[in-house]
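Before any comments, here is the structure.
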Amino acid sequence: MAGHPAGNTQSSSQGGAHYEALIAKAKSLKAQVCAVAHPCDEVSLSGALEAGRLGLMQPLLVGPEARIRSVAEQAGLDLNGVEIIDTPHSHASAEVAVQQVRCGRAALLMKGSLHTDELMSAVVARETGLRTGRRISHVFVMEVPSYTYPLFITDAAININPDLEAKADIVRNVIDLHIGLGLGEPRVAILSAVEQVTPQIPNTIVAAALCKMADRGQIAGGVLDGPLALDNAIDMDAARIKGIKSPVAGRAQVLVVPDLEAGNMLAKNLIFLSGASSAGVVVGARVPIILTSRAEHMRARLASCAVSAIYANYLLRQRPVV
């Protein structure tokens, strides 16, 4: 599982309109309980507590209580009224946090200071985890200053080299998230290096197959086109010059990348060269999972919490957490 790009501190300090709208919407909803696994450093603990203070969620801290209280004292953080479930170590924190979701007590899961692989191992455990019939995947929700829409990028953090079946689930997951956030039916671009289907580039064939699956109703809820190169997915002039006519070309809202490496480089390119900010969520499990990086600024952390909180409320309306 790849490291998460940190939000750009310069652009994020100005605050993005899309993120502000998401945070405002999350504040208007019922704050769901979020099991926070092992928040044993200042960054993870302060992020969870600030999200709770803003009403984005109700943090339920799971970790070594003495250590959490020590971090809070050193950082001047107020734990008054915040429940802590004491655990001996990070492995137990991950397992107990997942248990809080399984028993219906929590509708959200958040990574603290433990390693991502440690939390996700508990999430994907066959008998005790949070698996569903879908492949679990990660979505970056990017605030790009030069782009009209929030830009969803998937999967740049979990699935390394997904095959057609896995990509179909990745697409289904991101469509559900886009709709669940109240953003409507998304325009989904399946990216490759070129916009022509060619056997020399296998991902172009996968892209074409995904689009045909959408035509046949195997993938529903979004408008798909692909293969599309990045330029003609997000730039109308590029699409027009190439003679590409589709509802997606030039104004995609979702970019489905060929593999994790391409997605991770795309996200980091947007952050460090284009001044974008990134929020992120893991979808396809029983509940949304908030995976934040210690290098992320607070606004991006809160945006990740807001995205996850809105989606959690949407999922609860669709089906109860069991």
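If you're wondering about the labels, chains in the structure tokens are A, B, ... by order shown, residues count from 1 in each chain, ligands from 1 in order shown.
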Exercise. Which residues come within 7 Å of Ala285 of chain A, counting only C-alpha atoms, excluding same-chain residues fewer than 5 positions away, as a PyMOL selection string?
Worked result: chain A and resi 130-132+136
For this session: Determine which residues of segment 19-111 of chain A receive a DSSP assignment of helix (DSSP H, G or I), computed from the backbone, and state them as JSON, numbers by chain.
Result: {"A": [19, 20, 21, 22, 23, 24, 25, 26, 27, 28, 42, 43, 44, 45, 46, 47, 48, 49, 50, 51, 52, 53, 65, 66, 67, 68, 69, 70, 71, 72, 73, 74, 75, 90, 91, 92, 93, 94, 95, 96, 97, 98, 99, 100, 101, 102]}
6 Å contact set for segment 146-161 of chain A, only C-alpha atoms, chain neighbours under 4 positions out, as a compact mmCIF listing (two decimals) with N, CA and C atoms, in the first residue's frame:
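out_2.txt, freshly written:
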# COMPACT_ATOMS: atom_id res chain seq x y z
N MET A 1 0.84 -1.19 0.00
CA MET A 1 0.00 0.00 0.00
C MET A 1 0.87 1.24 0.00
N ALA A 2 0.62 2.08 -0.96
CA ALA A 2 1.50 3.23 -1.18
C ALA A 2 1.30 4.30 -0.15
N SER A 137 -10.87 -0.52 -2.27
CA SER A 137 -10.04 0.38 -3.06
C SER A 137 -9.96 1.74 -2.40
N HIS A 138 -9.03 2.55 -2.87
CA HIS A 138 -8.82 3.88 -2.31
C HIS A 138 -9.16 4.94 -3.35
N VAL A 139 -9.73 6.05 -2.87
CA VAL A 139 -10.07 7.18 -3.75
C VAL A 139 -9.46 8.45 -3.17
N PHE A 140 -8.68 9.16 -4.00
CA PHE A 140 -8.27 10.52 -3.66
C PHE A 140 -9.33 11.48 -4.19
N VAL A 141 -9.76 12.40 -3.33
CA VAL A 141 -10.64 13.49 -3.75
C VAL A 141 -9.77 14.74 -3.78
N MET A 142 -9.43 15.19 -4.98
CA MET A 142 -8.45 16.25 -5.17
C MET A 142 -9.13 17.60 -5.37
N GLN A 253 -14.80 13.76 -14.24
CA GLN A 253 -14.83 13.99 -12.79
C GLN A 253 -14.10 12.89 -12.02
N VAL A 254 -13.93 11.75 -12.67
CA VAL A 254 -13.23 10.62 -12.07
C VAL A 254 -12.16 10.14 -13.05
N LEU A 255 -10.95 9.93 -12.54
CA LEU A 255 -9.86 9.36 -13.33
C LEU A 255 -9.52 8.00 -12.75
N VAL A 256 -9.74 6.96 -13.52
CA VAL A 256 -9.37 5.59 -13.12
C VAL A 256 -8.02 5.29 -13.75
N ASP A 259 -2.69 1.67 -12.93
CA ASP A 259 -2.15 0.92 -11.81
C ASP A 259 -1.77 1.89 -10.70
N LEU A 260 -1.33 1.32 -9.58
CA LEU A 260 -1.02 2.14 -8.40
C LEU A 260 0.11 3.12 -8.68
N GLY A 263 -1.15 6.10 -10.66
CA GLY A 263 -2.05 6.92 -9.84
C GLY A 263 -1.32 7.71 -8.77
N ASN A 264 -0.36 7.07 -8.14
CA ASN A 264 0.38 7.76 -7.09
C ASN A 264 1.20 8.90 -7.66
Exercise. Closest to Leu49 of chain A among A:Arg301, A:Lys268, A:Arg187, A:Arg134, using only C-alpha atoms?
Worked result: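 Ranked by minimum distance to Leu49 of chain A, first place goes to A:Arg301.
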For this session: Quick one: pick out all strand (DSSP E or B) residues within segment 126-267 of chain A from a backbone DSSP run and write them as a PyMOL selection string.
Result: chain A and resi 137-143+151-154+187-191+223-228+254-256
Exercise. Which one is closest to Ile290 of chain A: A:Met120, A:Val206, A:Ile84, A:Ile244? Count only C-alpha atoms.
Worked result: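 Distance minimum relative to Ile290 of chain A lands on A:Met120.
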Exercise. Excluding same-chain residues fewer than 5 positions from segment 27-37 of chain A, what lies within 9 Å of it counting only C-alpha atoms, as a ChimeraX atom specification?
Worked result: /A:22,44-45,48,52,54-63,90,93-98,100-101,105-114,119,306,309-310,312-313
Expected file contents, prior selection, N, CA, C and O atoms, as a compact mmCIF listing (two decimals), in the first residue's frame:
# COMPACT_ATOMS: atom_id res chain seq x y z
N LEU A 22 -17.84 20.33 1.35
CA LEU A 22 -17.93 18.99 1.93
C LEU A 22 -17.96 19.05 3.46
O LEU A 22 -18.75 18.36 4.11
N SER A 44 -2.18 12.40 14.66
CA SER A 44 -3.38 11.57 14.51
C SER A 44 -4.41 11.89 15.60
O SER A 44 -5.62 11.93 15.32
N LEU A 45 -3.95 12.14 16.81
CA LEU A 45 -4.88 12.43 17.91
C LEU A 45 -5.54 13.79 17.70
O LEU A 45 -6.76 13.93 17.87
N ALA A 48 -8.26 13.64 14.91
CA ALA A 48 -9.50 13.00 15.34
C ALA A 48 -10.29 13.90 16.27
O ALA A 48 -11.53 14.02 16.16
N GLY A 52 -13.96 15.72 15.72
CA GLY A 52 -15.03 15.60 16.69
C GLY A 52 -15.54 16.94 17.16
O GLY A 52 -16.75 17.15 17.30
N LEU A 54 -15.61 19.69 15.55
CA LEU A 54 -16.38 20.32 14.49
C LEU A 54 -17.69 19.61 14.20
O LEU A 54 -18.49 20.08 13.38
N GLY A 55 -17.90 18.46 14.83
CA GLY A 55 -19.13 17.72 14.61
C GLY A 55 -19.13 16.86 13.37
O GLY A 55 -20.19 16.43 12.90
N LEU A 56 -17.94 16.57 12.82
CA LEU A 56 -17.86 15.70 11.65
C LEU A 56 -18.04 14.24 12.04
O LEU A 56 -18.49 13.42 11.22
N MET A 57 -17.69 13.90 13.28
CA MET A 57 -17.80 12.52 13.76
C MET A 57 -17.68 12.53 15.27
O MET A 57 -17.36 13.56 15.88
N GLN A 58 -17.95 11.38 15.88
CA GLN A 58 -17.73 11.19 17.30
C GLN A 58 -16.54 10.24 17.46
O GLN A 58 -16.69 9.04 17.22
N PRO A 59 -15.37 10.74 17.83
CA PRO A 59 -14.21 9.86 17.92
C PRO A 59 -14.29 8.90 19.10
O PRO A 59 -14.61 9.29 20.23
N LEU A 60 -14.04 7.63 18.82
CA LEU A 60 -13.90 6.59 19.83
C LEU A 60 -12.46 6.11 19.72
O LEU A 60 -12.09 5.44 18.77
N LEU A 61 -11.64 6.50 20.69
CA LEU A 61 -10.21 6.23 20.61
C LEU A 61 -9.90 4.82 21.07
O LEU A 61 -10.34 4.40 22.16
N VAL A 62 -9.13 4.10 20.27
CA VAL A 62 -8.79 2.71 20.58
C VAL A 62 -7.27 2.60 20.59
O VAL A 62 -6.62 2.72 19.54
N GLY A 63 -6.70 2.39 21.77
CA GLY A 63 -5.25 2.31 21.88
C GLY A 63 -4.83 2.29 23.34
O GLY A 63 -5.67 2.33 24.24
N SER A 90 -0.41 -1.76 19.07
CA SER A 90 -1.05 -1.33 17.83
C SER A 90 -1.82 -2.46 17.14
O SER A 90 -2.89 -2.23 16.55
N SER A 93 -4.99 -2.70 18.80
CA SER A 93 -5.79 -1.51 18.50
C SER A 93 -6.53 -1.69 17.18
O SER A 93 -7.72 -1.35 17.07
N ALA A 94 -5.84 -2.20 16.17
CA ALA A 94 -6.47 -2.41 14.87
C ALA A 94 -7.61 -3.41 14.98
O ALA A 94 -8.71 -3.19 14.45
N GLU A 95 -7.37 -4.51 15.67
CA GLU A 95 -8.39 -5.55 15.79
C GLU A 95 -9.61 -5.05 16.56
O GLU A 95 -10.76 -5.29 16.15
N VAL A 96 -9.38 -4.35 17.66
CA VAL A 96 -10.50 -3.88 18.48
C VAL A 96 -11.27 -2.78 17.75
O VAL A 96 -12.51 -2.72 17.82
N ALA A 97 -10.58 -1.91 17.04
CA ALA A 97 -11.27 -0.87 16.27
C ALA A 97 -12.18 -1.50 15.22
O ALA A 97 -13.33 -1.06 15.04
N VAL A 98 -11.70 -2.52 14.54
CA VAL A 98 -12.52 -3.22 13.55
C VAL A 98 -13.71 -3.89 14.23
O VAL A 98 -14.83 -3.89 13.70
N GLN A 100 -15.33 -2.82 16.75
CA GLN A 100 -16.34 -1.79 17.04
C GLN A 100 -17.25 -1.56 15.84
O GLN A 100 -18.44 -1.27 15.99
N VAL A 101 -16.70 -1.71 14.64
CA VAL A 101 -17.52 -1.61 13.44
C VAL A 101 -18.38 -2.85 13.27
O VAL A 101 -19.58 -2.76 13.00
N ARG A 105 -21.23 -0.61 16.60
CA ARG A 105 -21.04 0.57 17.44
C ARG A 105 -20.46 1.75 16.66
O ARG A 105 -20.73 2.90 17.00
N ALA A 106 -19.64 1.47 15.68
CA ALA A 106 -19.00 2.53 14.89
C ALA A 106 -19.39 2.40 13.43
O ALA A 106 -19.52 1.29 12.90
N ALA A 107 -19.59 3.55 12.78
CA ALA A 107 -19.94 3.59 11.36
C ALA A 107 -18.79 4.09 10.51
O ALA A 107 -18.93 4.24 9.29
N LEU A 108 -17.66 4.36 11.15
CA LEU A 108 -16.46 4.84 10.47
C LEU A 108 -15.24 4.22 11.13
O LEU A 108 -15.28 3.89 12.32
N LEU A 109 -14.17 4.11 10.37
CA LEU A 109 -12.90 3.62 10.89
C LEU A 109 -11.81 4.58 10.45
O LEU A 109 -11.79 5.01 9.29
N MET A 110 -10.91 4.92 11.37
CA MET A 110 -9.85 5.89 11.05
C MET A 110 -8.50 5.36 11.51
O MET A 110 -8.38 4.81 12.61
N LYS A 111 -7.51 5.52 10.67
CA LYS A 111 -6.15 5.12 11.00
C LYS A 111 -5.51 6.16 11.91
O LYS A 111 -5.60 7.36 11.67
N GLY A 112 -4.87 5.68 12.97
CA GLY A 112 -4.09 6.55 13.84
C GLY A 112 -2.63 6.52 13.45
O GLY A 112 -2.29 6.68 12.27
N SER A 113 -1.76 6.28 14.42
CA SER A 113 -0.31 6.33 14.16
C SER A 113 0.29 4.97 13.84
O SER A 113 1.50 4.84 13.70
N LEU A 114 -0.54 3.94 13.73
CA LEU A 114 -0.02 2.63 13.34
C LEU A 114 0.19 2.59 11.82
O LEU A 114 -0.27 3.47 11.09
N LEU A 119 -3.39 -1.85 9.97
CA LEU A 119 -4.83 -1.63 10.03
C LEU A 119 -5.55 -2.42 8.94
O LEU A 119 -6.57 -3.08 9.21
N ALA A 306 -14.63 14.56 6.45
CA ALA A 306 -15.92 15.00 5.93
C ALA A 306 -16.41 14.07 4.83
O ALA A 306 -17.59 13.67 4.80
N ALA A 309 -17.51 10.87 6.44
CA ALA A 309 -18.72 11.04 7.24
C ALA A 309 -19.96 11.13 6.36
O ALA A 309 -21.00 10.52 6.66
N ILE A 310 -19.87 11.90 5.29
CA ILE A 310 -21.01 12.02 4.37
C ILE A 310 -21.34 10.65 3.77
O ILE A 310 -22.51 10.24 3.70
N ALA A 312 -20.57 7.69 4.98
CA ALA A 312 -21.08 6.78 6.01
C ALA A 312 -22.57 6.99 6.24
O ALA A 312 -23.34 6.03 6.35
N ASN A 313 -22.99 8.25 6.29
CA ASN A 313 -24.42 8.52 6.46
C ASN A 313 -25.21 8.01 5.26
O ASN A 313 -26.32 7.49 5.41
Problem set entry | Near-Gly180 of chain A list (7 Å; only C-alpha atoms; drop same-chain fewer than 2 positions) as an NGL selection string | :A and (176-178 or 182 or 311 or 314)
For this session: Go through A:Leu77, A:Ala303, A:Val287, A:Val197 one by one, measure the shortest atom-to-atom distance of each to Gly129 of chain A using only C-alpha atoms, and give the residue with the smallest value.
Result: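 With only C-alpha atoms as the atom set, the closest residue is A:Val287.
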Exercise. Could you name the residues that touch segment 217-227 of chain A at 6 Å or less, counting only C-alpha atoms, but leaving out those on the same chain fewer than 2 positions away, as JSON, numbers by chain?
Worked result: {"A": [185, 186, 187, 188, 189, 190, 191, 192, 195, 204, 207, 208, 211, 213, 214, 215]}
Selection from above, C-alpha atoms, as a JSON list (two decimals), in the first residue's frame, can you write it?
[["chain", "number", "residue", "atom", "x", "y", "z"],
["A", 185, "GLU", "CA", -23.75, 10.66, -11.74],
["A", 186, "PRO", "CA", -19.99, 10.94, -12.40],
["A", 187, "ARG", "CA", -18.20, 11.19, -15.71],
["A", 188, "VAL", "CA", -15.55, 8.47, -15.47],
["A", 189, "ALA", "CA", -12.42, 8.45, -17.62],
["A", 190, "ILE", "CA", -10.52, 5.17, -17.85],
["A", 191, "LEU", "CA", -6.96, 6.38, -18.38],
["A", 192, "SER", "CA", -4.20, 4.97, -20.52],
["A", 195, "GLU", "CA", -6.98, 6.98, -26.57],
["A", 204, "THR", "CA", -6.42, 0.09, -23.45],
["A", 207, "ALA", "CA", -10.50, 0.27, -20.55],
["A", 208, "ALA", "CA", -12.62, -0.69, -23.56],
["A", 211, "CYS", "CA", -16.89, 0.70, -21.00],
["A", 213, "MET", "CA", -19.50, -3.60, -19.14],
["A", 214, "ALA", "CA", -21.13, -0.24, -18.41],
["A", 215, "ASP", "CA", -23.08, -0.50, -21.69]]
